[in-house]
Each structure stands twice: as C-alpha cells, then as structure tokens.
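Structure below is upload01.txt: compact mmCIF, C-alpha atoms.
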```
# COMPACT_ATOMS: atom_id res chain seq x y z
CA MET K 1 116.00 52.50 28.13
CA ASN K 2 118.32 54.87 26.36
CA SER K 3 121.15 55.67 28.76
CA PHE K 4 122.60 58.77 27.14
CA ILE K 5 122.67 61.94 29.22
CA SER K 6 121.56 65.23 27.75
CA VAL K 7 121.61 68.68 29.25
CA ILE K 8 118.29 70.48 28.94
CA ALA K 9 119.02 74.17 28.47
CA ARG K 10 115.85 76.08 29.24
CA SER K 11 116.08 79.43 30.96
CA GLU K 12 113.27 80.88 33.06
CA THR K 13 112.74 83.57 30.44
CA THR K 14 111.83 80.99 27.79
CA LYS K 15 109.23 79.19 29.88
CA GLN K 16 105.74 79.14 28.45
CA SER K 17 102.65 79.99 30.42
CA LEU K 18 101.26 77.30 32.71
CA LEU K 19 99.64 74.29 31.05
CA ASN K 20 95.88 74.54 30.71
CA ASN K 21 93.29 71.89 31.61
CA ASP K 22 93.01 70.58 28.06
CA GLN K 23 96.75 69.91 28.12
CA ILE K 24 96.68 68.23 31.54
CA ALA K 25 93.78 66.04 30.33
CA LEU K 26 95.99 64.90 27.45
CA VAL K 27 98.91 64.31 29.86
CA ILE K 28 96.70 62.11 32.05
CA LYS K 29 95.39 60.16 29.06
CA LEU K 30 98.88 59.49 27.68
CA LEU K 31 100.34 58.53 31.06
CA LYS K 32 97.50 56.08 31.74
CA ILE K 33 98.27 54.35 28.45
CA ALA K 34 102.01 54.26 29.18
CA MET K 35 101.45 52.91 32.71
CA ARG K 36 99.39 49.87 31.78
CA ASP K 37 102.19 47.45 32.64
CA LEU K 38 103.54 49.31 35.68
CA PRO K 39 102.50 48.36 39.25
CA ASP K 40 100.17 50.57 41.28
CA PRO K 41 101.50 52.25 44.44
CA SER K 42 101.27 50.08 47.57
CA VAL K 43 98.33 51.89 49.17
CA THR K 44 96.35 51.73 45.92
CA LEU K 45 96.97 47.98 45.82
CA VAL K 46 95.76 47.65 49.42
CA GLY K 47 92.60 49.58 48.56
CA LYS K 48 91.88 47.35 45.57
CA LYS K 49 92.62 44.10 47.41
CA TYR K 50 90.96 44.64 50.78
CA LYS K 51 88.19 47.18 50.03
CA SER K 52 88.59 48.51 53.58
CA PRO K 53 89.04 52.19 54.52
CA PHE K 54 90.53 51.06 57.85
CA LEU K 55 93.22 48.93 56.23
CA VAL K 56 93.94 51.72 53.74
CA LEU K 57 94.45 54.07 56.69
CA ILE K 58 96.86 51.68 58.40
CA SER K 59 98.73 51.07 55.15
CA CYS K 60 99.02 54.84 54.66
CA LEU K 61 100.63 55.16 58.07
CA LEU K 62 103.09 52.38 57.28
CA SER K 63 103.96 53.99 53.94
CA LEU K 64 105.19 57.24 55.45
CA ARG K 65 108.96 57.59 54.88
CA THR K 66 108.99 54.03 53.52
CA ARG K 67 109.38 52.60 50.01
CA ASP K 68 106.52 50.71 48.40
CA GLU K 69 108.52 47.48 48.16
CA THR K 70 108.69 47.52 51.97
CA THR K 71 105.23 48.91 52.72
CA LEU K 72 103.14 46.33 50.88
CA PRO K 73 104.69 43.18 52.42
CA ALA K 74 104.58 44.77 55.89
CA SER K 75 100.91 45.67 55.41
CA GLU K 76 100.04 42.16 54.29
CA ARG K 77 101.89 40.56 57.23
CA LEU K 78 99.99 42.75 59.66
CA PHE K 79 96.59 42.30 57.98
CA ALA K 80 97.02 38.52 57.93
CA ARG K 81 97.27 38.75 61.72
CA ALA K 82 94.51 41.32 62.24
CA ASP K 83 92.16 43.09 59.85
CA SER K 84 89.96 45.07 62.26
CA MET K 85 90.44 47.72 64.94
CA GLN K 86 89.42 45.36 67.72
CA ALA K 87 91.74 42.59 66.54
CA MET K 88 94.60 45.04 66.08
CA LEU K 89 94.30 46.21 69.68
CA LYS K 90 94.65 42.64 70.90
CA ILE K 91 98.11 42.35 69.35
CA PRO K 92 100.88 43.59 71.69
CA ILE K 93 102.71 46.62 70.37
CA SER K 94 105.95 44.66 70.47
CA GLU K 95 104.45 42.07 68.10
CA ILE K 96 103.16 44.75 65.73
CA GLN K 97 106.70 46.13 65.63
CA LYS K 98 107.99 42.76 64.49
CA LEU K 99 105.24 42.35 61.90
CA ILE K 100 105.79 45.73 60.24
CA TYR K 101 109.61 45.86 60.45
CA PRO K 102 111.53 47.24 58.51
CA VAL K 103 109.16 50.13 57.68
CA GLY K 104 110.55 53.50 58.70
CA PHE K 105 109.95 54.46 62.36
CA TYR K 106 108.31 51.06 62.95
CA LYS K 107 108.34 51.44 66.74
CA THR K 108 106.50 54.76 66.64
CA LYS K 109 104.08 53.46 64.01
CA ALA K 110 103.22 50.36 66.06
CA LEU K 111 102.26 52.59 68.98
CA ARG K 112 100.34 54.93 66.66
CA ILE K 113 98.32 52.02 65.26
CA HIS K 114 97.08 51.18 68.77
CA GLU K 115 96.27 54.83 69.49
CA ILE K 116 94.32 55.27 66.26
CA CYS K 117 92.37 52.02 66.70
CA ASP K 118 91.38 53.05 70.21
CA ASP K 119 90.40 56.52 69.01
CA LEU K 120 88.31 55.18 66.13
CA ILE K 121 86.45 52.81 68.44
CA HIS K 122 85.65 55.38 71.11
CA ARG K 123 85.18 58.57 69.09
CA PHE K 124 83.90 57.30 65.76
CA ASN K 125 81.88 54.20 66.70
CA SER K 126 84.48 51.84 65.17
CA LYS K 127 84.31 53.52 61.77
CA VAL K 128 86.85 55.47 59.76
CA PRO K 129 85.40 58.95 59.15
CA GLU K 130 84.74 59.93 55.54
CA ASP K 131 85.40 63.59 56.27
CA LEU K 132 88.79 65.22 55.72
CA ASP K 133 88.63 67.45 58.80
CA GLN K 134 87.64 64.53 61.04
CA LEU K 135 90.43 62.36 59.65
CA LEU K 136 92.90 65.11 60.49
CA THR K 137 91.93 64.86 64.18
CA LEU K 138 93.46 61.37 64.35
CA LYS K 139 96.94 61.38 65.85
CA GLY K 140 99.64 61.05 63.22
CA VAL K 141 97.29 61.70 60.30
CA GLY K 142 98.30 64.61 58.07
CA ARG K 143 96.75 65.99 54.91
CA LYS K 144 98.49 63.50 52.60
CA THR K 145 97.24 60.50 54.57
CA ALA K 146 93.75 61.93 55.05
CA ASN K 147 93.32 62.63 51.34
CA LEU K 148 94.67 59.19 50.42
CA VAL K 149 92.17 57.51 52.73
CA LEU K 150 89.37 59.42 51.02
CA THR K 151 90.47 58.49 47.51
CA GLU K 152 91.70 54.91 47.99
CA GLY K 153 89.53 53.93 50.94
CA PHE K 154 86.22 55.53 50.06
CA GLY K 155 86.54 56.39 46.38
CA LYS K 156 85.79 60.02 47.21
CA PRO K 157 87.51 63.02 45.59
CA GLY K 158 90.65 64.20 47.33
CA ILE K 159 93.99 65.73 46.40
CA CYS K 160 96.77 63.65 47.89
CA VAL K 161 100.14 65.34 47.43
CA ASP K 162 103.38 63.51 48.09
CA THR K 163 106.85 64.32 46.80
CA HIS K 164 106.08 62.89 43.34
CA VAL K 165 102.83 64.79 42.87
CA HIS K 166 104.46 68.02 44.04
CA ARG K 167 107.53 67.59 41.84
CA ILE K 168 105.81 66.44 38.63
CA SER K 169 102.91 68.91 38.79
CA ASN K 170 105.48 71.72 38.91
CA ARG K 171 107.86 70.07 36.44
CA LEU K 172 105.09 69.78 33.88
CA GLY K 173 104.43 73.48 34.26
CA TYR K 174 100.82 72.89 35.30
CA ILE K 175 101.17 74.79 38.59
CA LYS K 176 103.87 76.86 40.24
CA THR K 177 104.22 76.17 43.98
CA LYS K 178 106.96 75.84 46.57
CA THR K 179 105.54 73.31 49.05
CA PRO K 180 103.31 70.19 48.93
CA GLU K 181 100.61 72.04 50.88
CA GLU K 182 100.61 74.87 48.34
CA THR K 183 100.43 72.23 45.61
CA GLU K 184 97.35 70.61 47.16
CA PHE K 185 95.42 73.86 47.35
CA SER K 186 96.56 74.96 43.89
CA LEU K 187 95.41 71.64 42.40
CA ARG K 188 92.10 71.92 44.25
CA LYS K 189 91.49 75.19 42.41
CA LYS K 190 92.75 74.15 38.99
CA LEU K 191 92.62 70.38 38.44
CA PRO K 192 89.20 69.18 37.16
CA LYS K 193 87.52 67.12 39.88
CA GLU K 194 87.11 64.13 37.58
CA TYR K 195 90.88 63.52 37.90
CA TRP K 196 91.27 63.97 41.65
CA ILE K 197 90.99 60.32 42.66
CA GLU K 198 93.46 58.92 40.11
CA TYR K 199 95.93 61.81 40.03
CA ASN K 200 98.06 60.69 42.98
CA ALA K 201 98.49 57.06 41.95
CA LEU K 202 99.22 58.12 38.37
CA LEU K 203 101.98 60.57 39.26
CA VAL K 204 103.46 58.41 42.02
CA THR K 205 103.89 55.47 39.65
CA TRP K 206 105.30 57.70 36.90
CA GLY K 207 107.61 59.41 39.37
CA GLN K 208 108.96 56.10 40.67
CA ASN K 209 109.64 54.69 37.22
CA VAL K 210 110.26 57.50 34.71
CA CYS K 211 109.92 61.09 35.97
CA LYS K 212 112.50 60.61 38.70
CA PRO K 213 113.79 63.39 40.96
CA ILE K 214 117.28 63.28 39.46
CA SER K 215 117.92 62.66 35.76
CA PRO K 216 114.35 61.85 34.66
CA ILE K 217 114.01 59.57 31.64
CA CYS K 218 112.54 62.21 29.34
CA SER K 219 113.45 60.29 26.17
CA LYS K 220 110.94 57.59 27.13
CA CYS K 221 108.17 59.92 28.31
CA PRO K 222 105.04 60.17 26.12
CA VAL K 223 104.38 63.73 27.30
CA ASN K 224 107.89 64.95 26.50
CA ASN K 225 106.55 67.47 23.98
CA ILE K 226 103.98 68.87 26.42
CA CYS K 227 106.04 68.96 29.60
CA GLN K 228 107.89 72.23 30.24
CA ARG K 229 110.61 70.41 32.23
CA VAL K 230 110.69 73.13 34.86
CA LYS K 231 113.98 72.99 36.79
CA VAL K 232 115.13 69.88 34.94
CA GLY K 233 118.88 70.13 34.46
CA ILE K 234 120.07 66.70 33.32
CA SER K 235 117.79 64.10 31.74
CA ARG K 236 118.15 60.80 29.97
```

Rewrite the coordinates I just gave you, this time as structure tokens.
Amino acid sequence: MNSFISVIARSETTKQSLLNNDQIALVIKLLKIAMRDLPDPSVTLVGKKYKSPFLVLISCLLSLRTRDETTLPASERLFARADSMQAMLKIPISEIQKLIYPVGFYKTKALRIHEICDDLIHRFNSKVPEDLDQLLTLKGVGRKTANLVLTEGFGKPGICVDTHVHRISNRLGYIKTKTPEETEFSLRKKLPKEYWIEYNALLVTWGQNVCKPISPICSKCPVNNICQRVKVGISR
C-alpha cells in the first residue's frame, strides 16, 4: 500500500449534504467487491461454521473488548470442549477461564457464560430467543451483542453497531451521530432493510483493514470519491 501521508483539508462549511440511499447502495456494492479476499469478522465466521445461535451468542460475549485474532481461537477451544448449554454448565468456571484466555476480562466472561446458560435453560426452554428485547434480558447482553446474535445466529435483520460501524457510517457522511446507540437508531430509520444483516460485517472488516481510526488508507479505498471523510485529518 502507498505509504505517503497526506493532509485532508476539508472544513465543516464545505461538507456536502448526507449521502443518500442510492449512494450507500453503491458504497456497499464496491466494498463487497474490494473485500473478496479479506477475512470475515470472528463472530461471522463462527456463525458460518457452526450454524448455532447459541455458539454465536457465546462468541459475541468473548469478542467484547477483544481482537478477532484472539476471539476466534478462544471460541474454537471452548466449543471443542462443549457446544451446548448443558455441556457448558458441566465445565468448571476455572476451566472455562483457561480455555478462553487471553480474551479480555476472561474471568468475568467465564462466570457470565455459566449464568447465561443457566438462564437460557430455565427461562427460555434451552433456546436462544429470536427477539431483541428478550435477548437484552440476558445478563451481560447489550444492544450490540443482541443485534449480532439476530443477524449472525438467526439470519434476521438487525443493526449491530460497534466502533467501526459508528465511525465509518459517520465518516462516509451517511449519518451524523455522536454515540453508537444514536447510530443504531439512525441507521434503523435510514438504511434500507436489505442491507441490515451484512452491514456490520462489511464495515468491521473494512475498518480493520483500510478505514482505520487513525490515518485511514484512503488512497486504496474504492469509495474514496463518494466518502465525505468527515473528521478525517491525516490519511494515507
């Protein structure tokens, strides 16, 4: 990749109006083509490999505050030992800690796995609920995790917003929000539903590889001429 650094001088007064849905459809099409050889996010890979909403849920929990290169191996170590709620509960918490280490907050997450398995068995008849509001009643499950379980576990529409989705959606100039929660609800109103399921994985992969938080690689981005580069100072 070209390593030169260029300063992008765009004042707020020169910003265009927000991108419309025809433009975001083109962005999605171009990014999908550019991403053909890039790996999917870890939770997406778990969903494709195991076809299990429960294992997607557990992988989501492991992924919080943890990089993909750590999350996926930890998930696979744990799932090789237990791939159901009942089997997971039979593993001592101390052993789960060892299996998932070094994911972030591995001690807390090991305990949370037991609590969620027990809750799913007793409150939901050993099934992961397909409803966003019900998923949010599980301890440790926030909106990002709940939406990701819907999209990657069940193939149902959801808007999962992590730091990449929040940053890139605003950087493109498609929405204008201050927090991930505002981004979710703004995208729910504006983003065509046909893109909801793939939107998270698409922007996460692009954010990890090209549209990085600091010094994004704009010279290699196929949507460089569409993106408004909101709040981009230095780029490559």

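Atom pair atom CA of K:Asn125 / atom CA of K:Val56 has a distance of 17.9 Å (rounded to one decimal).
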
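Here atom CA of K:Lys51 is placed at a distance of 10.0 Å from atom CA of K:Gly155.
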
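Considering the residues K:Gln23, K:Ser219, K:Ser52, K:Asn224 and counting all atoms listed in the file, K:Val149 has its shortest atom-to-atom contact with K:Ser52.
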
Please produce, as a Markdown table, a per-residue contact table for stretch 30-70 of chain K versus stretch 134-138 of chain K (criterion: any atom at most 12 Å away, only C-alpha atoms considered), showing the nearest atom pair and its distance in Å to one decimal, sorted by chain then residue number.
```
| residue | atom | partner | partner_atom | distance |
| --- | --- | --- | --- | --- |
| K:Pro53 | CA | K:Leu135 | CA | 11.5 |
| K:Phe54 | CA | K:Leu135 | CA | 11.4 |
| K:Leu57 | CA | K:Leu135 | CA | 9.7 |
| K:Ile58 | CA | K:Leu138 | CA | 11.9 |
| K:Leu61 | CA | K:Leu138 | CA | 11.4 |
```

Quiz prompt | Exercise: stretch 70-82 of chain K partners within 12 Å, all atoms listed in the file, chain neighbours under 3 positions left out, as number ranges by chain | solution = K: 39-47, 49-50, 52, 54-67, 85-93, 95-104, 106, 109-110, 113, 117

Quiz item: With all atoms listed in the file as the basis for distance, which of K:Ile28, K:Val128, K:Leu172, K:Ile214 is at the shortest distance from K:Ile226?
Solution: K:Leu172

Quiz item: Contacts of K:Lys176 at 10 Å or less, counting all atoms listed in the file, minus same-chain residues fewer than 4 places along, as number ranges by chain?
Solution: K: 18, 166, 169-172, 182-183, 186, 230

Just-selected residues, C-alpha atoms written as an mmCIF file, keeping the file's coordinate frame:
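Wrote out.cif, looks like this:
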```cif
data_model
loop_
_atom_site.group_PDB
_atom_site.id
_atom_site.type_symbol
_atom_site.label_atom_id
_atom_site.label_comp_id
_atom_site.auth_asym_id
_atom_site.auth_seq_id
_atom_site.Cartn_x
_atom_site.Cartn_y
_atom_site.Cartn_z
ATOM 1 C CA LEU K 18 101.260 77.300 32.710
ATOM 2 C CA HIS K 166 104.460 68.020 44.040
ATOM 3 C CA SER K 169 102.910 68.910 38.790
ATOM 4 C CA ASN K 170 105.480 71.720 38.910
ATOM 5 C CA ARG K 171 107.860 70.070 36.440
ATOM 6 C CA LEU K 172 105.090 69.780 33.880
ATOM 7 C CA GLU K 182 100.610 74.870 48.340
ATOM 8 C CA THR K 183 100.430 72.230 45.610
ATOM 9 C CA SER K 186 96.560 74.960 43.890
ATOM 10 C CA VAL K 230 110.690 73.130 34.860
#
```

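Rounded to one decimal, atom CA of K:Cys227 and atom CA of K:Lys32 lie 15.6 Å from each other.
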
Quiz item: Hey, what's within 12 Å of K:Ile33 if we count only C-alpha atoms and toss same-chain stuff fewer than 4 positions away? As number ranges by chain, please?
Solution: K: 26-29, 37-38, 202, 206, 221-223

Quiz prompt | Selection: 10 Å around K:Pro192, all atoms listed in the file, excl. self and same-chain fewer than 2 positions, as a VMD selection string | solution = chain K and resid 21 to 22 24 to 25 187 to 190 194 to 196

File of the preceding selection, C-alpha atoms, as an mmCIF file, in the coordinates of the input:
```cif
data_model
loop_
_atom_site.group_PDB
_atom_site.id
_atom_site.type_symbol
_atom_site.label_atom_id
_atom_site.label_comp_id
_atom_site.auth_asym_id
_atom_site.auth_seq_id
_atom_site.Cartn_x
_atom_site.Cartn_y
_atom_site.Cartn_z
ATOM 1 C CA ASN K 21 93.290 71.890 31.610
ATOM 2 C CA ASP K 22 93.010 70.580 28.060
ATOM 3 C CA ILE K 24 96.680 68.230 31.540
ATOM 4 C CA ALA K 25 93.780 66.040 30.330
ATOM 5 C CA LEU K 187 95.410 71.640 42.400
ATOM 6 C CA ARG K 188 92.100 71.920 44.250
ATOM 7 C CA LYS K 189 91.490 75.190 42.410
ATOM 8 C CA LYS K 190 92.750 74.150 38.990
ATOM 9 C CA GLU K 194 87.110 64.130 37.580
ATOM 10 C CA TYR K 195 90.880 63.520 37.900
ATOM 11 C CA TRP K 196 91.270 63.970 41.650
#
```

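Excluding K:Ser215 and any residue on its chain fewer than 5 positions from it, the residues at most 7 Å away by all atoms listed in the file are Ile234, Ser235 and Arg236 of chain K.
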
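Restricting the calculation to all atoms listed in the file, the smallest distance between K:Ile175 and any of K:Ser126, K:Asn225, K:Asn209, K:Ser17 is found for K:Ser17.
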
Edge lengths and centre in Å, axis-aligned, stretch 160-177 of chain K plus 3 Å each side, as lines of an AutoDock Vina configuration file:
```
center_x = 102.3
center_y = 69.9
center_z = 41.0
size_x = 17.1
size_y = 20.0
size_z = 20.2
```
